[in-house]
>>> print(open('protein21.csv').read())   # CSV, C-alpha atoms
chain,number,residue,atom,x,y,z
X,1,MET,CA,-43.0,-54.6,40.8
X,2,PRO,CA,-39.8,-55.8,42.6
X,3,PHE,CA,-36.9,-53.5,41.9
X,4,THR,CA,-34.7,-56.3,40.5
X,5,ASP,CA,-37.5,-57.0,38.0
X,6,PHE,CA,-37.8,-53.3,37.1
X,7,VAL,CA,-34.1,-53.0,36.5
X,8,GLY,CA,-33.9,-56.2,34.5
X,9,GLU,CA,-36.7,-55.1,32.2
X,10,GLN,CA,-35.2,-51.6,31.8
X,11,LEU,CA,-31.7,-53.0,30.9
X,12,LEU,CA,-33.2,-55.6,28.6
X,13,ASP,CA,-35.1,-52.9,26.8
X,14,LEU,CA,-31.8,-51.0,26.3
X,15,GLN,CA,-30.0,-54.2,25.2
X,16,ASN,CA,-32.7,-54.8,22.6
X,17,PHE,CA,-32.3,-51.2,21.4
X,18,LEU,CA,-28.5,-51.6,21.1
X,19,THR,CA,-28.8,-55.0,19.4
X,20,THR,CA,-31.9,-55.4,17.3
X,21,SER,CA,-33.8,-52.2,17.1
X,22,PRO,CA,-33.9,-50.3,13.8
X,23,SER,CA,-34.0,-47.0,15.7
X,24,VAL,CA,-30.9,-44.8,16.2
X,25,VAL,CA,-31.9,-42.8,19.2
X,26,ARG,CA,-33.4,-44.0,22.5
X,27,VAL,CA,-34.8,-41.3,24.7
X,28,VAL,CA,-34.9,-42.3,28.3
X,29,ARG,CA,-37.5,-40.2,30.2
X,30,ILE,CA,-36.4,-40.0,33.8
X,31,ASP,CA,-37.0,-38.2,37.0
X,32,PRO,CA,-33.9,-36.1,38.2
X,33,GLU,CA,-33.8,-38.2,41.4
X,34,MET,CA,-33.3,-41.4,39.3
X,35,ARG,CA,-30.6,-40.0,37.0
X,36,SER,CA,-27.7,-40.9,39.1
X,37,LEU,CA,-29.0,-44.4,39.7
X,38,PHE,CA,-29.6,-45.0,35.9
X,39,LEU,CA,-26.1,-43.8,35.0
X,40,ARG,CA,-24.6,-46.0,37.7
X,41,LEU,CA,-26.5,-49.0,36.4
X,42,LEU,CA,-25.2,-48.3,32.9
X,43,ALA,CA,-21.6,-48.1,34.3
X,44,GLY,CA,-22.1,-51.4,36.1
X,45,VAL,CA,-23.4,-53.1,33.0
X,46,ASP,CA,-20.6,-51.8,30.9
X,47,GLU,CA,-18.1,-53.5,33.3
X,48,GLU,CA,-19.7,-56.9,32.7
X,49,ALA,CA,-17.4,-59.2,30.7
X,50,ASP,CA,-20.3,-60.4,28.5
X,51,PHE,CA,-21.6,-56.9,27.7
X,52,PRO,CA,-20.8,-56.7,23.9
X,53,HIS,CA,-21.3,-52.9,23.4
X,54,VAL,CA,-19.1,-49.9,23.8
X,55,LEU,CA,-20.6,-46.9,25.8
X,56,ILE,CA,-19.2,-43.4,25.8
X,57,ALA,CA,-20.7,-40.9,28.1
X,58,HIS,CA,-21.0,-37.2,27.1
X,59,TYR,CA,-22.3,-34.7,29.7
X,60,ASP,CA,-21.0,-31.5,28.3
X,61,GLY,CA,-23.5,-28.6,28.4
X,62,PHE,CA,-25.3,-27.7,25.3
X,63,GLY,CA,-24.9,-24.1,24.0
X,64,ASP,CA,-23.6,-23.6,20.5
X,65,PRO,CA,-24.5,-26.8,18.4
X,66,ASN,CA,-21.2,-26.8,16.4
X,67,TRP,CA,-19.2,-26.6,19.6
X,68,TRP,CA,-21.2,-29.4,21.2
X,69,PHE,CA,-20.6,-31.7,18.2
X,70,TYR,CA,-16.9,-30.8,18.3
X,71,GLY,CA,-17.1,-31.9,22.0
X,72,LEU,CA,-18.6,-35.2,20.9
X,73,GLU,CA,-15.9,-35.7,18.4
X,74,ALA,CA,-13.2,-34.9,21.0
X,75,ALA,CA,-14.9,-37.2,23.6
X,76,LEU,CA,-14.7,-40.1,21.1
X,77,LYS,CA,-11.0,-39.5,20.4
X,78,ARG,CA,-10.2,-38.9,24.1
X,79,GLN,CA,-12.0,-42.1,25.3
X,80,ILE,CA,-10.3,-44.2,22.7
X,81,GLU,CA,-6.9,-42.8,23.5
X,82,GLU,CA,-7.4,-43.0,27.3
X,83,PHE,CA,-8.7,-46.6,27.2
X,84,SER,CA,-6.8,-47.7,24.1
X,85,ASP,CA,-5.7,-51.0,25.7
X,86,ALA,CA,-9.2,-52.0,26.8
X,87,LEU,CA,-10.8,-50.8,23.6
X,88,ALA,CA,-8.2,-52.6,21.5
X,89,LYS,CA,-9.3,-55.8,23.0
X,90,LYS,CA,-12.8,-55.0,21.6
X,91,GLY,CA,-11.4,-54.2,18.2
X,92,VAL,CA,-11.7,-50.4,18.4
X,93,SER,CA,-8.9,-48.4,16.7
X,94,LEU,CA,-8.5,-45.1,15.1
X,95,GLY,CA,-5.3,-46.2,13.3
X,96,GLY,CA,-5.4,-45.2,9.7
X,97,SER,CA,-8.5,-43.1,10.1
X,98,ARG,CA,-8.6,-40.2,7.7
X,99,ALA,CA,-9.5,-36.6,8.6
X,100,PHE,CA,-13.0,-35.5,7.6
X,101,GLU,CA,-14.0,-32.1,6.4
X,102,GLY,CA,-17.2,-30.2,6.7
X,103,PRO,CA,-19.3,-28.8,9.6
X,104,ALA,CA,-18.8,-30.2,13.1
X,105,PRO,CA,-21.9,-32.4,13.1
X,106,VAL,CA,-20.9,-34.0,9.8
X,107,ARG,CA,-17.3,-34.5,10.9
X,108,PHE,CA,-18.4,-36.1,14.2
X,109,LEU,CA,-20.9,-38.4,12.5
X,110,ARG,CA,-18.5,-39.6,9.8
X,111,LEU,CA,-15.8,-40.3,12.3
X,112,ALA,CA,-18.1,-42.1,14.7
X,113,GLU,CA,-19.4,-44.3,11.8
X,114,GLN,CA,-15.9,-45.1,10.7
X,115,VAL,CA,-15.0,-46.2,14.2
X,116,THR,CA,-18.2,-48.2,14.5
X,117,GLU,CA,-17.6,-50.0,11.2
X,118,SER,CA,-14.1,-51.0,12.5
X,119,LEU,CA,-15.7,-53.1,15.3
X,120,PRO,CA,-15.3,-56.9,14.9
X,121,ASP,CA,-18.3,-59.1,14.6
X,122,ASN,CA,-18.3,-60.0,18.3
X,123,ILE,CA,-18.8,-56.4,19.3
X,124,GLY,CA,-22.3,-54.8,19.2
X,125,SER,CA,-23.0,-51.1,19.1
X,126,LEU,CA,-21.0,-48.0,19.8
X,127,ALA,CA,-23.4,-46.0,21.8
X,128,PHE,CA,-23.1,-42.4,23.2
X,129,VAL,CA,-24.9,-41.7,26.5
X,130,ILE,CA,-26.0,-38.0,26.3
X,131,ASP,CA,-27.0,-36.1,29.3
X,132,PRO,CA,-26.0,-32.4,29.1
X,133,ASP,CA,-25.4,-30.8,32.5
X,134,GLU,CA,-26.4,-27.4,31.2
X,135,MET,CA,-28.9,-26.4,28.5
X,136,GLU,CA,-28.8,-23.0,26.9
X,137,ASP,CA,-30.5,-23.6,23.5
X,138,ARG,CA,-33.3,-26.2,23.8
X,139,LEU,CA,-34.5,-25.9,20.2
X,140,SER,CA,-31.0,-26.4,18.8
X,141,PHE,CA,-30.6,-29.4,21.1
X,142,ILE,CA,-33.7,-31.0,19.7
X,143,ARG,CA,-32.6,-30.3,16.2
X,144,SER,CA,-29.2,-31.8,16.9
X,145,ILE,CA,-30.7,-35.0,18.2
X,146,GLU,CA,-33.0,-35.1,15.2
X,147,PHE,CA,-29.9,-34.7,13.0
X,148,LEU,CA,-28.3,-37.8,14.6
X,149,ALA,CA,-31.5,-39.8,14.2
X,150,THR,CA,-31.9,-38.8,10.5
X,151,TYR,CA,-28.4,-39.0,9.1
X,152,THR,CA,-26.8,-41.8,11.0
X,153,SER,CA,-26.2,-44.6,8.5
X,154,SER,CA,-24.3,-47.2,10.4
X,155,PRO,CA,-26.6,-49.9,11.9
X,156,TRP,CA,-24.4,-50.1,14.9
X,157,LEU,CA,-24.1,-46.5,16.0
X,158,ARG,CA,-26.6,-45.5,18.6
X,159,PHE,CA,-27.4,-42.7,21.0
X,160,ILE,CA,-29.0,-42.9,24.4
X,161,VAL,CA,-30.4,-39.5,25.5
X,162,LEU,CA,-31.7,-38.7,28.9
X,163,ASP,CA,-34.8,-36.5,29.1
X,164,ASP,CA,-36.7,-35.0,32.0
X,165,LEU,CA,-39.8,-37.0,32.7
X,166,GLN,CA,-41.7,-34.0,34.2
X,167,ALA,CA,-40.7,-31.4,31.6
X,168,PRO,CA,-39.5,-33.4,28.6
X,169,LEU,CA,-37.8,-31.7,25.6
X,170,LEU,CA,-38.0,-34.6,23.2
X,171,THR,CA,-41.6,-35.8,23.5
X,172,GLU,CA,-42.6,-34.7,20.0
X,173,LEU,CA,-39.4,-36.0,18.4
X,174,SER,CA,-39.6,-39.4,20.2
X,175,GLU,CA,-43.2,-39.9,19.2
X,176,ALA,CA,-43.0,-38.7,15.6
X,177,HIS,CA,-39.5,-39.6,14.3
X,178,PRO,CA,-39.4,-43.1,12.9
X,179,ARG,CA,-35.8,-43.7,14.1
X,180,VAL,CA,-36.4,-42.4,17.7
X,181,THR,CA,-37.9,-44.5,20.4
X,182,TYR,CA,-38.3,-43.9,24.1
X,183,GLN,CA,-38.6,-45.7,27.4
X,184,ILE,CA,-39.7,-44.4,30.9
X,185,PHE,CA,-37.3,-45.0,33.7
X,186,ARG,CA,-39.4,-44.4,36.8
X,187,LEU,CA,-40.4,-46.5,39.8
X,188,SER,CA,-42.3,-44.5,42.5
X,189,PRO,CA,-41.2,-45.0,46.1
X,190,GLU,CA,-44.6,-46.4,46.8
X,191,GLU,CA,-44.1,-49.1,44.2
X,192,MET,CA,-40.6,-49.8,45.6
X,193,VAL,CA,-41.8,-50.4,49.1
X,194,ASP,CA,-44.7,-52.6,48.1
X,195,ARG,CA,-42.8,-55.9,48.2
X,196,GLN,CA,-40.9,-58.2,50.5
X,197,ASP,CA,-37.5,-58.5,48.8
X,198,GLU,CA,-36.5,-54.8,49.0
X,199,LYS,CA,-33.6,-55.1,51.4
X,200,ASP,CA,-32.1,-58.2,49.7
X,201,ALA,CA,-32.5,-56.5,46.3
X,202,LEU,CA,-30.8,-53.4,47.4
X,203,ALA,CA,-28.0,-55.2,49.2
X,204,SER,CA,-27.2,-57.3,46.2
X,205,LEU,CA,-27.3,-54.5,43.7
X,206,GLN,CA,-23.6,-53.8,42.9
X,207,SER,CA,-21.3,-53.2,40.0
X,208,PRO,CA,-18.9,-56.0,39.1
X,209,SER,CA,-16.2,-54.0,40.9
X,210,GLY,CA,-18.3,-54.3,44.1
X,211,LYS,CA,-19.4,-50.7,44.2
X,212,PRO,CA,-22.9,-50.3,45.7
X,213,LEU,CA,-25.3,-48.9,43.2
X,214,ALA,CA,-28.5,-48.4,45.1
X,215,SER,CA,-27.8,-45.9,47.9
X,216,PRO,CA,-30.0,-43.2,46.3
X,217,LEU,CA,-32.8,-45.8,45.8
X,218,ALA,CA,-32.5,-47.1,49.4
X,219,ALA,CA,-32.8,-43.5,50.6
X,220,ALA,CA,-35.9,-43.1,48.4
X,221,VAL,CA,-37.4,-46.2,49.9
X,222,ALA,CA,-36.7,-45.0,53.4
X,223,PHE,CA,-38.2,-41.6,52.6
X,224,ALA,CA,-41.4,-43.3,51.2
X,225,ASN,CA,-41.6,-45.3,54.5
X,226,LYS,CA,-41.2,-42.0,56.4
X,227,ASP,CA,-38.0,-43.4,57.9
X,228,TYR,CA,-36.4,-40.0,57.6
X,229,ALA,CA,-33.5,-40.7,59.9
X,230,ARG,CA,-32.3,-43.6,57.6
X,231,ALA,CA,-33.0,-41.6,54.5
X,232,GLU,CA,-31.0,-38.7,55.9
X,233,ALA,CA,-28.1,-41.0,56.9
X,234,LEU,CA,-28.0,-42.6,53.4
X,235,GLN,CA,-28.2,-39.2,51.7
X,236,ARG,CA,-25.4,-37.6,53.8
X,237,ALA,CA,-23.2,-40.7,53.2
X,238,GLU,CA,-23.8,-40.3,49.4
X,239,MET,CA,-22.9,-36.7,49.6
X,240,GLU,CA,-19.6,-37.5,51.4
X,241,THR,CA,-18.3,-39.9,48.8
X,242,THR,CA,-15.1,-38.7,47.2
X,243,GLU,CA,-15.9,-39.8,43.6
X,244,PRO,CA,-16.1,-36.9,41.1
X,245,LYS,CA,-19.6,-35.6,40.7
X,246,SER,CA,-21.2,-33.4,38.1
X,247,PRO,CA,-23.0,-30.2,39.2
X,248,MET,CA,-26.3,-32.0,38.4
X,249,GLU,CA,-25.5,-34.9,40.7
X,250,GLN,CA,-24.5,-32.4,43.5
X,251,VAL,CA,-27.8,-30.5,43.1
X,252,VAL,CA,-29.8,-33.7,43.2
X,253,GLU,CA,-28.1,-34.8,46.3
X,254,GLN,CA,-28.7,-31.5,48.1
X,255,TYR,CA,-32.3,-31.4,46.8
X,256,ASN,CA,-33.0,-34.9,48.1
X,257,LEU,CA,-31.4,-34.2,51.6
X,258,GLY,CA,-33.3,-30.9,51.8
X,259,SER,CA,-36.6,-32.6,50.9
X,260,THR,CA,-36.0,-35.2,53.6
X,261,LEU,CA,-35.3,-32.6,56.2
X,262,LEU,CA,-38.4,-30.7,55.1
X,263,ALA,CA,-40.6,-33.8,55.4
X,264,ASP,CA,-39.1,-34.4,58.8
X,265,GLN,CA,-40.4,-31.0,59.9
X,266,ARG,CA,-36.9,-29.5,60.1
X,267,ALA,CA,-37.4,-26.5,57.9
X,268,ASP,CA,-34.7,-24.6,59.6
X,269,GLU,CA,-32.1,-27.2,58.6
X,270,ALA,CA,-33.7,-27.8,55.1
X,271,ALA,CA,-33.6,-24.2,54.1
X,272,PRO,CA,-29.8,-23.7,53.9
X,273,VAL,CA,-29.3,-27.0,52.1
X,274,LEU,CA,-32.0,-26.1,49.5
X,275,LEU,CA,-30.5,-22.6,49.2
X,276,SER,CA,-27.1,-24.1,48.4
X,277,ALA,CA,-28.8,-26.3,45.8
X,278,CYS,CA,-30.5,-23.3,44.2
X,279,ASP,CA,-27.2,-21.4,44.0
X,280,LEU,CA,-25.5,-24.4,42.3
X,281,ALA,CA,-28.4,-24.9,39.9
X,282,SER,CA,-28.4,-21.2,39.0
X,283,THR,CA,-24.6,-21.1,38.5
X,284,HIS,CA,-24.6,-24.0,36.2
X,285,ARG,CA,-28.0,-23.2,34.6
X,286,LEU,CA,-29.5,-26.6,35.5
X,287,ASN,CA,-33.0,-25.5,34.5
X,288,GLU,CA,-34.5,-28.9,34.5
X,289,ILE,CA,-34.2,-29.3,38.3
X,290,ALA,CA,-34.1,-25.7,39.4
X,291,PRO,CA,-37.9,-25.3,39.7
X,292,MET,CA,-38.2,-28.2,42.1
X,293,VAL,CA,-35.4,-26.9,44.2
X,294,TYR,CA,-36.7,-23.4,44.4
X,295,MET,CA,-40.2,-24.7,45.1
X,296,ASN,CA,-39.0,-26.7,48.1
X,297,LEU,CA,-36.9,-23.8,49.3
X,298,GLY,CA,-40.1,-21.6,49.1
X,299,ILE,CA,-42.0,-24.1,51.2
X,300,ALA,CA,-39.2,-24.3,53.8
X,301,LEU,CA,-39.1,-20.5,54.1
X,302,HIS,CA,-42.9,-20.4,54.4
X,303,ARG,CA,-42.7,-22.7,57.3
X,304,LEU,CA,-40.1,-20.5,58.9
X,305,HIS,CA,-42.5,-17.5,58.4
X,306,GLU,CA,-40.0,-15.8,56.1
X,307,PHE,CA,-42.8,-14.8,53.8
X,308,ASP,CA,-41.0,-12.3,51.5
X,309,GLN,CA,-38.2,-14.7,50.7
X,310,ALA,CA,-40.7,-17.6,50.3
X,311,PHE,CA,-42.7,-15.6,47.8
X,312,GLU,CA,-39.5,-14.8,45.8
X,313,ALA,CA,-38.4,-18.5,45.8
X,314,LEU,CA,-41.9,-19.7,44.7
X,315,LYS,CA,-42.2,-17.1,42.0
X,316,VAL,CA,-38.8,-18.2,40.6
X,317,ALA,CA,-40.0,-21.8,40.6
X,318,ASN,CA,-43.3,-20.7,38.9
X,319,ARG,CA,-41.4,-18.9,36.1
X,320,PHE,CA,-39.4,-22.0,35.4
X,321,PHE,CA,-42.4,-24.3,35.4
X,322,LYS,CA,-44.4,-21.9,33.2
X,323,ALA,CA,-41.5,-21.6,30.7
X,324,GLU,CA,-41.3,-25.4,30.4
X,325,GLY,CA,-45.0,-25.7,30.0
X,326,ASN,CA,-45.1,-27.9,33.1
X,327,ARG,CA,-48.7,-27.4,34.2
X,328,PRO,CA,-48.7,-29.8,37.3
X,329,GLY,CA,-45.5,-28.0,38.6
X,330,GLU,CA,-46.9,-24.5,38.0
X,331,ALA,CA,-50.3,-25.5,39.6
X,332,PHE,CA,-48.6,-26.9,42.7
X,333,VAL,CA,-46.5,-23.7,43.1
X,334,CYS,CA,-49.6,-21.5,42.7
X,335,ASP,CA,-51.4,-23.6,45.3
X,336,ASN,CA,-48.6,-22.9,47.8
X,337,LEU,CA,-48.6,-19.2,46.8
X,338,ALA,CA,-52.4,-19.1,47.5
X,339,LEU,CA,-51.9,-20.7,50.8
X,340,MET,CA,-49.5,-17.9,51.9
X,341,TYR,CA,-51.9,-15.2,50.6
X,342,HIS,CA,-54.7,-16.8,52.6
X,343,GLU,CA,-52.5,-17.1,55.7
X,344,LEU,CA,-51.7,-13.4,55.4
X,345,GLY,CA,-55.3,-12.4,55.1
X,346,ARG,CA,-55.0,-11.5,51.4
X,347,ARG,CA,-58.2,-13.3,50.5
X,348,ASP,CA,-58.8,-12.0,46.9
X,349,GLU,CA,-55.3,-12.8,45.9
X,350,ALA,CA,-55.6,-16.3,47.4
X,351,VAL,CA,-58.9,-16.9,45.5
X,352,GLY,CA,-57.5,-15.6,42.2
X,353,THR,CA,-54.4,-17.8,42.5
X,354,TRP,CA,-56.3,-20.9,43.4
X,355,ARG,CA,-58.6,-20.3,40.4
X,356,TYR,CA,-55.6,-20.0,38.2
X,357,ALA,CA,-54.2,-23.3,39.6
X,358,LEU,CA,-57.5,-25.0,39.0
X,359,ALA,CA,-57.5,-23.9,35.4
X,360,LEU,CA,-54.0,-25.3,35.0
X,361,TYR,CA,-55.0,-28.7,36.4
X,362,GLU,CA,-58.1,-28.7,34.2
X,363,GLY,CA,-55.9,-28.1,31.2
X,364,ILE,CA,-53.8,-31.2,31.7
X,365,THR,CA,-54.6,-33.4,28.7
X,366,ASN,CA,-51.8,-36.1,28.9
X,367,PRO,CA,-53.7,-39.3,29.7
X,368,ASP,CA,-50.7,-40.5,31.8
X,369,MET,CA,-51.3,-37.6,34.1
X,370,HIS,CA,-55.0,-38.0,34.6
X,371,ASP,CA,-54.6,-39.0,38.3
X,372,VAL,CA,-52.6,-35.8,38.9
X,373,ARG,CA,-55.3,-33.8,37.1
X,374,ASP,CA,-58.1,-35.3,39.1
X,375,ALA,CA,-56.4,-35.1,42.5
X,376,GLY,CA,-55.3,-31.5,41.8
X,377,CYS,CA,-58.8,-30.3,40.7
X,378,THR,CA,-60.5,-32.0,43.7
X,379,ASP,CA,-58.0,-30.4,46.2
X,380,ILE,CA,-58.2,-26.9,44.7
X,381,ARG,CA,-62.0,-27.0,44.5
X,382,ALA,CA,-62.2,-28.0,48.2
X,383,LYS,CA,-60.0,-25.1,49.2
X,384,LEU,CA,-62.2,-22.7,47.2
X,385,ASP,CA,-65.2,-24.1,48.9
X,386,ARG,CA,-63.7,-23.5,52.3
X,387,VAL,CA,-63.1,-19.8,51.5
X,388,GLY,CA,-66.6,-19.4,50.1
X,389,GLU,CA,-65.7,-19.3,46.4
X,390,ALA,CA,-67.1,-22.6,45.1
X,391,ALA,CA,-65.7,-23.5,41.6
X,392,ASP,CA,-67.9,-25.0,39.0
X,393,GLY,CA,-67.1,-28.6,38.0
>>> encode(input="protein21.csv", output="structure tokens")
Amino acid sequence: MPFTDFVGEQLLDLQNFLTTSPSVVRVVRIDPEMRSLFLRLLAGVDEEADFPHVLIAHYDGFGDPNWWFYGLEAALKRQIEEFSDALAKKGVSLGGSRAFEGPAPVRFLRLAEQVTESLPDNIGSLAFVIDPDEMEDRLSFIRSIEFLATYTSSPWLRFIVLDDLQAPLLTELSEAHPRVTYQIFRLSPEEMVDRQDEKDALASLQSPSGKPLASPLAAAVAFANKDYARAEALQRAEMETTEPKSPMEQVVEQYNLGSTLLADQRADEAAPVLLSACDLASTHRLNEIAPMVYMNLGIALHRLHEFDQAFEALKVANRFFKAEGNRPGEAFVCDNLALMYHELGRRDEAVGTWRYALALYEGITNPDMHDVRDAGCTDIRAKLDRVGEAADG
């Protein structure tokens, strides 16, 4: 699928959600690598003169639910005050609004609905784009999104919530709640390079202000083509931009660069970049991307024959994946641990770890992951065969 078609379909889906859908919450399941691109695309669309909706981004970390809702209320007031002139042209005003009482979630929702109902007929929805940069209480976050879906009464108040595609929090909610829908924002690098118009599409993808939107995507395409020099150049240029970046964006940039250097057989350069990403992810509790960063750090250290440190990094990744219930991620880490055990002559530990990885792959039931399940099982069985421990089918 050409990238321009992919973006067009994704944005049309969101437009339909904001305009005609009876649902209140749209969950966007997305890879961490695509997060920055998605948010830039939304920012670009929001600048369009014919875009009828008002978007307010909220990236505050989620810890205490009441404090988080208080932050949403503050974000709404702050945005309206900061952009009062622009919002006034769209008919948004807090003039004459009354103070609401009650718990923070109720206060926020009542205020947001009051503002939404003040919009003139030519304005569409007031939508909050929610992507917490830290997550301390996952169950309370799910319940908070469920609260918004259940108790929002205004037909023009909406919430777009980003969710990790590999380790989603909101799968059950998005598939069971009648007022929650989802879409998947993912285009693999292999799909992106399987067309002729890539360079033109990337070159033309800009916001109305002229800011390029596709540098991360162009780097992903170069990476898929094994053009690591170009991927590295694009990634370093992205890291050097002076625009403010969230901790998540910084970690993703370092993770992408480290992965490129690792694929280019430059483990000695990849390791410090990935270590920096691990430190940043740990400091800001970015648990959704931390396991992938630790995993690649472990692989880099393994290639440098730093076995003790490699084991530690991979075991941290393994704990994250296991806590998330991410079977493919946990199985891949176990495969790498088994490879190190085997390389060190610790055959029994290697066999036991490969058997555990095989059981993880066999336990994948999601039909969308059947190719991962089949490929993983085939690979692990072949390795067990080579060490003389054939696994039953």
>>> closest_atom_pairs(input="protein21.csv", of="segment 130-190 of chain X", to="segment 276-293 of chain X", cutoff="10 Å", atoms="all atoms listed in the file", output="CSV")
residue,atom,partner,partner_atom,distance
X:Pro132,CA,X:Leu286,CA,9.3
X:Asp133,CA,X:Leu286,CA,6.6
X:Glu134,CA,X:Leu286,CA,5.4
X:Met135,CA,X:Arg285,CA,6.9
X:Glu136,CA,X:Arg285,CA,7.7
X:Asp163,CA,X:Glu288,CA,9.3
X:Asp164,CA,X:Glu288,CA,6.9
X:Leu165,CA,X:Glu288,CA,9.8
X:Gln166,CA,X:Glu288,CA,8.8
X:Ala167,CA,X:Glu288,CA,7.3
X:Pro168,CA,X:Glu288,CA,8.9
X:Leu169,CA,X:Glu288,CA,9.9
>>> residues_around(input="protein21.csv", residues="segment 23-26 of chain X", least_positions_apart="5", cutoff="10 Å", atoms="all atoms listed in the file", output="JSON, numbers by chain")
{"X": [14, 17, 18, 127, 128, 129, 145, 146, 148, 149, 150, 151, 152, 153, 154, 155, 156, 157, 158, 159, 160, 161, 162, 174, 177, 178, 179, 180, 181, 182, 183]}
>>> atom_distance(input="protein21.csv", atom1="atom CA of Ala75 of chain X", atom2="atom CA of Val27 of chain X")
20.3 Å
>>> residues_around(input="protein21.csv", residues="Ala231 of chain X", least_positions_apart="4", cutoff="6 Å", atoms="only C-alpha atoms", output="count of residues only")
3
>>> atom_distance(input="protein21.csv", atom1="atom CA of Arg138 of chain X", atom2="atom CA of Leu358 of chain X")
28.6 Å
>>> atom_distance(input="protein21.csv", atom1="atom CA of Ala237 of chain X", atom2="atom CA of Leu261 of chain X")
14.9 Å
>>> residues_around(input="protein21.csv", residues="segment 102-109 of chain X", least_positions_apart="5", cutoff="10 Å", atoms="all atoms listed in the file", output="VMD selection string")
chain X and resid 65 to 74 76 114 to 115 144 147 to 148 151 to 154 157
>>> residues_around(input="protein21.csv", residues="Glu362 of chain X", least_positions_apart="2", cutoff="7 Å", atoms="all atoms listed in the file", output="ChimeraX atom specification")
/X:358-360,364,373,377
>>> write_last_selection(input="protein21.csv", atoms="C-alpha atoms", output="compact mmCIF listing (two decimals), in the frame of the given file")
# COMPACT_ATOMS: atom_id res chain seq x y z
CA LEU X 358 -57.50 -25.00 39.00
CA ALA X 359 -57.50 -23.90 35.40
CA LEU X 360 -54.00 -25.30 35.00
CA ILE X 364 -53.80 -31.20 31.70
CA ARG X 373 -55.30 -33.80 37.10
CA CYS X 377 -58.80 -30.30 40.70
>>> residues_near_point(input="protein21.csv", point="(-19.3, -51.3, 25.6)", cutoff="8 Å", atoms="all atoms listed in the file", output="list in words")
Asp46, Phe51, Pro52, His53, Val54, Leu55, Ile56, Gly124, Ser125, Leu126 and Ala127 of chain X
>>> residues_around(input="protein21.csv", residues="Gly329 of chain X", least_positions_apart="4", cutoff="8 Å", atoms="all atoms listed in the file", output="PyMOL selection string")
chain X and resi 318+321+333
>>> axis_aligned_box(input="protein21.csv", around="segment 29-47 of chain X", padding_each_side="5 Å", output="JSON")
{"center_x": -27.8, "center_y": -44.8, "center_z": 35.8, "size_x": 29.4, "size_y": 27.4, "size_z": 21.2}
